[in-house]
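Chemist: Before I ask anything, here is the structure I am working with.
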Amino acid sequence: DARVTQTPRHKVTEMGQEVTMRCQPILGHNTVFWYRQTMMQGLELLAYFRNRAPLDDSGMPKDRFSAEMPDATLATLKIQPSEPRDSAVYFCASGESGTGELFFGEGSRLTVL
Amino acid sequence: GDSVTQMEGPVTLSEEAFLTINCTYTATGYPSLFWYVQYPGEGLQLLLKATKADDKGSNKGFEATYRKETTSFHLEKGSVQVSDSAVYFCALSGSGAGSYQLTFGKGTKLSVIP
């Protein structure tokens, strides 16, 4: 069964530390999305890529967040330095452009103390 | 810009009750419409979709009809089960060039009690 794989599933860190989350999209999918989910804000789109090119990262705090796709099998989301307000579940999703259907990973739950 | 409005939850129903979760949208052109479901501790997964007006999407006993005249895509199920307890998200995908992303509603939490 093809699925989106995210690591780590859980991360607890201290304020100021660097956090890197990784995502392996489904083979053959050409779009990759990063979402953040909190109780207060719901689902927020942080960034997305098509054919590995960043199309929109306007939802991301630029001073501390960065998203990259070094190759077709890996997408990364980095936070440096992390802050308590970054505590959330971060989801990666992939899909084929034009279908509107996204396949989500199980998420990375981040807690920043 | 595009937007999706869902009824606020939480919604609590007894097993075998009828479910409706309202969803309305604002979009230019002819968007595709979706319902995603998120079970506890998991990511979202597609429940059903409709790509043009008057289409009915259905899956696992859930149904939703694309109503362009009322810009709505309400989710219904005739008899809910405890296993349907989850958060339900309505979403749309724009029809224009570059419409790669989904616009999600805020989600509606459903709890079904035995």
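Order determines the names: the first chain of the structure tokens is A, the second B, and so forth; residues in each chain are numbered 1 upward, and ligands are numbered 1 upward as they are shown.
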Tell me, counting only C-alpha atoms, for each residue of chain B within 7 Å of chain A, which pair of atoms is nearest and how far apart they are in Å to one decimal, in rows ordered by chain and increasing number, as a Markdown table.
Modeler:
| residue | atom | partner | partner_atom | distance |
| --- | --- | --- | --- | --- |
| B:Glu42 | CA | A:Glu106 | CA | 5.0 |
| B:Gly43 | CA | A:Glu106 | CA | 4.5 |
| B:Leu44 | CA | A:Phe104 | CA | 5.7 |
| B:Gln45 | CA | A:Phe103 | CA | 6.4 |
| B:Ser93 | CA | A:Gly100 | CA | 5.7 |
| B:Tyr100 | CA | A:Ser97 | CA | 5.7 |
| B:Leu102 | CA | A:Gly100 | CA | 6.7 |
| B:Lys106 | CA | A:Gly42 | CA | 5.7 |
Chemist: Can you list, as a ChimeraX atom specification, every residue of chain A that DSSP puts in strand (DSSP E)?
Modeler: /A:5-7,10-13,19-24,31-38,42-50,53-56,65-71,74-79,88-95,103-104,108-112
Chemist: Just how far from atom CA of Gly9 of chain B is atom CA of Tyr25 of chain B, in Å to one decimal?
Modeler: 17.6 Å
Chemist: I need the residue nearest Thr51 of chain B from this list: B:Thr65, B:Gln38, B:Ser3, B:Thr20. Use only C-alpha atoms for the distance.
Modeler: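 Of the candidates, the smallest distance to Thr51 of chain B is held by B:Thr65.
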Chemist: Quick one: residues within 10 Å of Asp86 of chain A, only C-alpha atoms counted, chain neighbours fewer than 6 positions away excluded, as a list in words?
Modeler: Met15, Arg36, Thr38, Ile79, Leu110, Thr111, Val112 and Leu113 of chain A
